Amino acid sequence: MANVQVIQRHAHLASAVKLEFVNGREGKVAKAVLTAISNSRRGSGEERSEEATAIQWTLWAKQAEHAAEYLGKGSHVNIVGRVRNNHYQDNDGVEVYGLAFTVDEIDYLDSKAEGEARRAREGAGDPPAAAPSAPNNSRKARNERQPAHA
């Protein structure tokens, strides 16, 4: 099945990242869901309009754990991912259509100080569900990135 690349730039998170552990091929794997909102502006002067686009993204494995640890409501990100058609029949036999957005790359745009201040305001020091070690480099060479999960 072909995937379509999606790029969402200068987005902010609408809420906290939701992290859970699901059964994978090799045991439990981290899955995180986040909603990123970005604005697009069209026209100029009196004709200028702004439109918000919200996309619900899914992250997997260490990428999901890091997002849950370091991102929160209002965090600024750039996301590169893929979209695929999510078509299935529910328990009542009704055809259900949707789109599934999966993150391939995510850039954290906030400084360390901004992220720490946001986390302090949100959770007042509550520990996250998973506490991974800090990522050493958010931009890895293409051959070092996590493999994509569907």
# chains A, B, ... in the order shown; residues from 1 in each chain; ligands from 1
$ residues_around --residues "A:Val80" --least-positions-apart "4" --cutoff "7 Å" --atoms "only C-alpha atoms" --output "compact mmCIF listing (two decimals) with C-alpha atoms, in the first residue's frame"
# COMPACT_ATOMS: atom_id res chain seq x y z
CA VAL A 6 2.46 14.80 5.18
CA ILE A 7 4.41 17.73 6.62
CA GLN A 8 2.95 19.85 9.42
CA VAL A 103 4.92 10.26 12.61
CA ASP A 104 8.23 9.50 10.88
CA GLU A 105 10.16 12.54 12.19
CA ILE A 106 9.34 15.11 14.84
$ residues_around --residues "A:Tyr97" --least-positions-apart "4" --cutoff "10 Å" --atoms "only C-alpha atoms" --output "PDB file with C-alpha atoms, in the first residue's frame"
ATOM      1  CA  ASN A  85      -6.500   5.066   4.304  1.00  0.00           C
ATOM      2  CA  ASN A  86      -7.916   3.291   7.346  1.00  0.00           C
ATOM      3  CA  HIS A  87     -10.876   1.287   6.016  1.00  0.00           C
ATOM      4  CA  TYR A  88     -12.546  -1.537   7.918  1.00  0.00           C
ATOM      5  CA  GLN A  89     -15.886  -3.095   8.863  1.00  0.00           C
TER       6      GLN A  89
END
$ select_by_dssp --residues "stretch 19-137 of chain A" --states "strand (DSSP E)" --output "number ranges by chain"
A: 19-24, 27-42, 49-60, 76-89, 95-108
$ atom_distance --atom1 "atom CA of A:Leu71" --atom2 "atom CA of A:Arg9"
15.8 Å
$ atom_distance --atom1 "atom CA of A:Val17" --atom2 "atom CA of A:Ala64"
8.7 Å
$ closest_residue --among "A:Gln5, A:Thr53, A:Leu19, A:Leu13" --to "A:Gly81" --atoms "only C-alpha atoms"
A:Gln5
$ select_by_dssp --residues "chain A" --states "alpha helix (DSSP H)" --output "PyMOL selection string"
chain A and resi 61-70+112-123
$ closest_residue --among "A:Ala11, A:Asp110, A:Ala2, A:Phe21" --to "A:Trp60" --atoms "only C-alpha atoms"
A:Phe21
$ residues_around --residues "stretch 27-38 of chain A" --least-positions-apart "5" --cutoff "12 Å" --atoms "only C-alpha atoms" --output "count of residues only"
57
$ atom_distance --atom1 "atom CA of A:Arg82" --atom2 "atom CA of A:Asn39"
19.4 Å
